[in-house]
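K.L.:
Sending over a structure as structure tokens; questions will come in a sec.
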Amino acid sequence: MTSPLRLGIAGLGTVGTGVVRIIQRHADLLTSRANRRIEISAVSARSRDKDRGVRLSDYGWEDDPVALARRDDVDLVLELIGGSEGPAKNLVEAAIDAGKDVVTANKAMLAVHGQALAEAAEAKGRVIRFEAAVAGGIPVVKALTEGLAGNEITRVMGVMNGTCNYILTRMEADRLGYNALFEEAGKLGYLEADPNLDVGGIDAGHKLALLASIAFGTRVNFASMEIEGIQRITLDDIRQAADMGYKIKLLGVAQMSGRGLEQRMSPCLVPKTSPLGQLEGGTNMVVIEGDSVGQIVLRGAGAGEGPTASAVMSDVIDIARGTRLSTFGQPASDLRAVSGATGSVPAPFYLRMTLLDKPGALARIAATLGDAGISIDRMRQYGHDDESAPVLIVTHKTTRAALDEAIAAMAGTGVLVSEPVTIRIEAV
Ligand code: HSE
């Protein structure tokens with residue numbers, strides 16, 4: 001049996017302590033699977049005295065994560081601190097500089113600095129692995145990098161923020177408004193320290209950008225992603241979407257077309273009978289389409305101690321076994337720099353608006369759509385008892401640009417009571 005793989009763990013929050021617990025609980029199992037022992041040499045965190053409910057006295061302690069990375073008795077550095085800049089990035093750079101491999105759960109750092117860090121690691125013959133950064137316990141990085149490596153990937157989709165899916169699911173199930181559920185999610189500890197990362201779609205956007213890089217062999221391009229959060233979704237939208245056979249999900253879609261790399265993280269309507277439509281609560285789902293495999297669906301816990309630590313350990317065991325994969329599935333220098341797509345693939349759209357209830361109002365709205373070349377698929381007017389009427393329109397496939405043109409024209413009709421809400425309907 002080869003010598004033990006010696007870990008330095010930086011960050012002892014939920015994920016870090018979860019990793020320590022797995023290593024303590026499954027020492028023999030891990031040894032059999034990796035054919036060598038996996039040991040913790042030292043740990044680093046902000047507070048040494050905090051009771052984390054796990055035994056740390058056998059390990060060395062470093063206040064400074066960079067010092068942890070430089071220790072002679074550390075072969076592999078686990079970066080579980082988080083944040084795109086500062087201590088996490090300093091640690092990874094120091095680890096690579098010291099000739100250490102890195103396992104990280106840090107989607108924000110890789111979405112912004114992934115290319116530079118991958119290049120730096122490869123220049124030193126080191127690896128950076130990040131299974132835990134995307135969709136928690138779902139082995140989706142592995143699926144794309146290894147299991148589906150023989151496919152040309154045509155599309156990657158995912159619900160990858162459990163907090164948003166929890167809020168949207170509860171809005172529908174319990175008829176509670178967004179604000180009440182946002183508050184509840186905060187009380188339950190579901191929200192990131194900056195809640196906009198969750199509800200603004202940024203956290204899920206980071207994850208999609210990393211998957212797109214592996215799927216399409218492109219440099220991570222988070223800056224070109226179209227991102228919209230769930231803050232403007234109302235109970236009316238959810239009710240009316242359900243009435244038409246849809247669910248609203250914060251859905252990420254990445255695909256490559258002649259127009260470039262299309263990456264969107266935004267609320268979408270999906271058929272309620274589809275796997276994505278049936279995804280309830282804080283669970284994640286990733287759907288991958290490849291030319292040979294067809295469509296595969298991966299579902300599981302996207303956050304939490306056990307699932308995220310499980311993902312970290314899969315990378316640790318790979319490295320212990322001697323499996324050395326490029327960060328994004330191929331050498332960083334081979335990844336293509338592509339620009340963001342100009343315009344998205346055409347799709348049907350849902351439009352909700354309130355109109356003045358007077359003769360010709362609907363006709364004027366229909367005319368703006370016709371003038372922009374948009375065909376109406378379905379239309380419904382809801383019951384009301386005042387002088388304005390809620391109206392729902394589902395279009396045939398159209399482009400965002402044509403829709404924007406129609407909406408601009410609607411503003412001049414004089415019959416709109418409120419600005420129309422538009423949501424893309426994704427074929428899943
Ligand atoms: N805040 C994320 C979620 C988990 O709600 O899914 C960490 O990315």
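Chain labels run A, B, ... following the order of the structure tokens; each chain numbers its residues from 1, and ligands are numbered from 1 in the order shown.
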Hey, which residues come within 7 Å of ligand 1 if we count only C-alpha atoms and all ligand atoms? Could you give them as a list in words?

P.N.:
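Here is the list of contacting residues: Met160, Asn161, Gly162, Thr163, Cys164, Tyr190, Leu191, Glu192, Asp198, Asp203, Gly302 and Ala303 of chain A.
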
K.L.:
Find the residues near range 288-300 of chain A: any atom within 9 Å, counting only C-alpha atoms, skip ones fewer than 2 places away on the same chain, and give them as a ChimeraX atom specification.

P.N.:
/A:135-140,144,148,150-158,275-276,279,283-286,302,307

K.L.:
Using only C-alpha atoms, which of the listed residues (A:Ala372, A:Ala10, A:Leu29, A:Val19) sits closest to Val43 in chain A?

P.N.:
A:Ala10

K.L.:
If we count only C-alpha atoms and set the cut-off at 8 Å, which residues sit around Arg324 in chain A, ignoring sequence neighbours fewer than 3 positions away in its own chain? Please answer as a PyMOL selection string.

P.N.:
chain A and resi 127+318-319

K.L.:
Go ahead and write the residues just picked, all heavy atoms, as a short mmCIF file (atom, residue, chain, number, x, y, z; two decimals), in the first residue's frame.

P.N.:
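This is the output file again-v9.cif:
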data_model
loop_
_atom_site.label_atom_id
_atom_site.label_comp_id
_atom_site.auth_asym_id
_atom_site.auth_seq_id
_atom_site.Cartn_x
_atom_site.Cartn_y
_atom_site.Cartn_z
N VAL A 127 -3.55 19.40 -9.73
CA VAL A 127 -4.96 19.39 -10.14
C VAL A 127 -5.81 20.20 -9.16
O VAL A 127 -5.48 20.30 -7.97
CB VAL A 127 -5.54 17.95 -10.26
CG1 VAL A 127 -4.81 17.17 -11.34
CG2 VAL A 127 -5.52 17.21 -8.94
N ASP A 318 -10.50 10.28 -5.51
CA ASP A 318 -9.91 10.27 -6.86
C ASP A 318 -8.42 10.59 -6.79
O ASP A 318 -7.59 9.90 -7.39
CB ASP A 318 -10.58 11.34 -7.74
CG ASP A 318 -11.67 10.75 -8.63
OD1 ASP A 318 -11.89 9.53 -8.57
OD2 ASP A 318 -12.29 11.53 -9.37
N ILE A 319 -8.10 11.64 -6.08
CA ILE A 319 -6.70 12.07 -6.01
C ILE A 319 -5.87 11.02 -5.26
O ILE A 319 -4.75 10.68 -5.66
CB ILE A 319 -6.61 13.48 -5.38
CG1 ILE A 319 -7.16 14.50 -6.40
CG2 ILE A 319 -5.16 13.84 -5.00
CD1 ILE A 319 -7.38 15.89 -5.87
#

K.L.:
Might you pull out every residue within 9 Å of Gly205 in chain A, with only C-alpha atoms counted and same-chain residues fewer than 6 positions away left off, and present them as a compact mmCIF listing (two decimals) with N, CA and C atoms, in the first residue's frame?

P.N.:
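Saved the output as result_6.txt:
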# COMPACT_ATOMS: atom_id res chain seq x y z
N ALA A 111 -15.97 30.48 -10.80
CA ALA A 111 -16.71 31.17 -11.86
C ALA A 111 -15.97 32.43 -12.31
N MET A 160 -30.54 24.50 -9.70
CA MET A 160 -29.34 24.29 -8.88
C MET A 160 -29.26 25.25 -7.69
N PHE A 222 -18.73 33.46 -16.97
CA PHE A 222 -19.86 33.86 -16.13
C PHE A 222 -20.35 35.26 -16.51
N MET A 225 -23.31 35.58 -18.87
CA MET A 225 -24.56 34.88 -18.57
C MET A 225 -25.71 35.88 -18.37
N GLU A 226 -26.86 35.51 -18.92
CA GLU A 226 -28.08 36.31 -18.70
C GLU A 226 -28.66 35.81 -17.37
N ILE A 227 -28.80 36.70 -16.38
CA ILE A 227 -29.26 36.24 -15.06
C ILE A 227 -30.46 37.07 -14.58
N GLY A 252 -31.52 27.01 -15.09
CA GLY A 252 -30.32 27.35 -15.85
C GLY A 252 -30.30 26.55 -17.13
N GLN A 263 -26.03 31.10 -22.25
CA GLN A 263 -26.15 30.69 -20.85
C GLN A 263 -27.19 31.59 -20.18
N ARG A 264 -28.22 30.98 -19.67
CA ARG A 264 -29.27 31.76 -19.00
C ARG A 264 -29.60 31.14 -17.67
N MET A 265 -29.77 31.97 -16.65
CA MET A 265 -30.30 31.50 -15.38
C MET A 265 -31.48 32.43 -15.08

K.L.:
Check range 151-369 of chain A with DSSP on the backbone and list each residue it calls strand (DSSP E), as a ChimeraX atom specification.

P.N.:
/A:153-159,226-227,246-257,260-271,283-290,294-301,349-356

K.L.:
Among range 166-409 of chain A, which residues carry a DSSP assignment of helix (DSSP H, G or I), reported as a short mmCIF file (atom, residue, chain, number, x, y, z; two decimals) with C-alpha atoms, in the first residue's frame?

P.N.:
data_model
loop_
_atom_site.label_atom_id
_atom_site.label_comp_id
_atom_site.auth_asym_id
_atom_site.auth_seq_id
_atom_site.Cartn_x
_atom_site.Cartn_y
_atom_site.Cartn_z
CA TYR A 166 -38.05 25.76 -1.84
CA ILE A 167 -39.55 29.26 -2.05
CA LEU A 168 -41.27 28.63 -5.41
CA THR A 169 -42.62 25.24 -4.31
CA ARG A 170 -44.02 26.64 -1.07
CA MET A 171 -45.56 29.61 -2.88
CA GLU A 172 -47.59 27.16 -4.92
CA ALA A 173 -48.35 24.60 -2.22
CA ASP A 174 -49.25 27.00 0.58
CA TYR A 178 -42.62 35.68 -2.06
CA ASN A 179 -41.80 38.11 0.76
CA ALA A 180 -43.19 35.86 3.51
CA LEU A 181 -41.25 32.88 2.18
CA PHE A 182 -38.04 34.86 1.73
CA GLU A 183 -38.31 35.76 5.42
CA GLU A 184 -39.02 32.16 6.36
CA ALA A 185 -36.04 30.89 4.32
CA GLY A 186 -33.86 33.34 6.26
CA LYS A 187 -35.17 32.07 9.60
CA ASN A 196 -29.11 38.00 -3.45
CA LEU A 197 -26.69 35.20 -4.33
CA ASP A 198 -29.64 32.83 -3.91
CA VAL A 199 -32.77 34.70 -4.95
CA ILE A 202 -26.11 34.34 -8.97
CA ASP A 203 -25.21 31.22 -6.96
CA ALA A 204 -26.98 29.01 -9.50
CA GLY A 205 -25.43 31.05 -12.31
CA HIS A 206 -21.94 30.33 -10.98
CA LYS A 207 -22.72 26.61 -11.02
CA LEU A 208 -24.10 26.69 -14.56
CA ALA A 209 -21.01 28.57 -15.82
CA LEU A 210 -18.77 25.79 -14.47
CA LEU A 211 -20.86 23.04 -16.06
CA ALA A 212 -20.95 24.90 -19.39
CA SER A 213 -17.15 25.04 -19.44
CA ILE A 214 -16.88 21.25 -19.10
CA ALA A 215 -19.79 20.56 -21.45
CA PHE A 216 -18.62 22.75 -24.32
CA PHE A 222 -19.86 33.86 -16.13
CA ALA A 223 -19.76 37.51 -17.22
CA SER A 224 -21.80 36.77 -20.37
CA LEU A 235 -48.62 34.09 -6.65
CA ASP A 236 -50.70 35.05 -9.69
CA ASP A 237 -47.90 33.89 -12.00
CA ILE A 238 -47.63 30.60 -10.17
CA ARG A 239 -51.40 30.05 -10.13
CA GLN A 240 -51.90 30.94 -13.76
CA ALA A 241 -48.90 28.95 -14.94
CA ALA A 242 -50.34 25.92 -13.10
CA ASP A 243 -53.67 26.56 -14.76
CA GLU A 305 -23.34 18.91 5.41
CA GLY A 306 -23.61 15.28 4.30
CA PRO A 307 -24.27 15.77 0.57
CA THR A 308 -21.62 18.47 0.11
CA ALA A 309 -18.99 16.60 2.16
CA SER A 310 -19.81 13.47 0.14
CA ALA A 311 -18.91 15.38 -3.05
CA VAL A 312 -15.67 16.71 -1.53
CA MET A 313 -14.70 13.15 -0.58
CA SER A 314 -15.25 11.86 -4.11
CA ASP A 315 -12.54 14.27 -5.31
CA VAL A 316 -10.27 13.39 -2.39
CA ILE A 317 -10.59 9.67 -3.15
CA ASP A 318 -9.91 10.27 -6.86
CA ILE A 319 -6.70 12.07 -6.01
CA ALA A 320 -5.75 9.39 -3.47
CA ARG A 321 -6.24 6.77 -6.21
CA ALA A 332 -6.99 24.69 -19.55
CA SER A 333 -4.91 26.00 -22.47
CA ASP A 334 -7.18 24.08 -24.91
CA ALA A 361 -58.30 46.68 -25.47
CA LEU A 362 -57.42 43.06 -26.22
CA ALA A 363 -57.36 43.75 -29.95
CA ARG A 364 -54.77 46.49 -29.47
CA ILE A 365 -52.52 44.18 -27.49
CA ALA A 366 -52.94 41.39 -30.04
CA ALA A 367 -51.99 43.86 -32.78
CA THR A 368 -48.68 44.75 -31.10
CA LEU A 369 -47.80 41.05 -31.02
CA GLY A 370 -48.84 40.56 -34.66
CA ASP A 371 -46.83 43.60 -35.75
CA ARG A 400 -36.70 37.83 -26.91
CA ALA A 401 -35.97 40.73 -29.27
CA ALA A 402 -39.37 40.43 -30.99
CA LEU A 403 -41.06 40.21 -27.61
CA ASP A 404 -39.27 43.32 -26.37
CA GLU A 405 -40.41 45.14 -29.51
CA ALA A 406 -44.03 44.13 -28.84
CA ILE A 407 -43.86 45.12 -25.20
CA ALA A 408 -42.44 48.52 -26.07
CA ALA A 409 -45.37 49.00 -28.47
#

K.L.:
Residues at most 6 Å from Leu76 in chain A, counting only C-alpha atoms, excluding those fewer than 6 positions away in the same chain, as an NGL selection string?

P.N.:
:A and (7 or 100-102)

K.L.:
Tell me which protein, DNA and RNA residues are within 12 Å of range 54-66 of chain A, counting only C-alpha atoms, leaving out same-chain ones fewer than 6 positions away, and put them as a ChimeraX atom specification.

P.N.:
/A:6-14,16-25,39-48,72-74,77-81,86-98,100

K.L.:
Hey, what's within 8 Å of Pro420 in chain A if we count only C-alpha atoms and toss same-chain stuff fewer than 2 positions away? As an MDAnalysis selection string, please?

P.N.:
chainID A and resid 351:354 407 418 422

K.L.:
A:Gly99, A:Gly147, A:Gly200, A:Gly53: which is nearest Arg70 in chain A, counting only C-alpha atoms?

P.N.:
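Looking only at the distances to Arg70 in chain A, the closest residue turns out to be A:Gly99.
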
K.L.:
Give the answer as one residue: which of A:Ile423, A:Ala389, A:Ala34, A:Leu250 has the shortest atom-to-atom distance to Lys358 in chain A, using only C-alpha atoms?

P.N.:
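Of the candidates, the smallest distance to Lys358 in chain A is held by A:Ala389.
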
K.L.:
Of the candidates A:Ile233, A:Leu335, A:Ala67, A:Val345, which shows the shortest atom-to-atom distance to Leu176 in chain A, using only C-alpha atoms?

P.N.:
A:Ile233
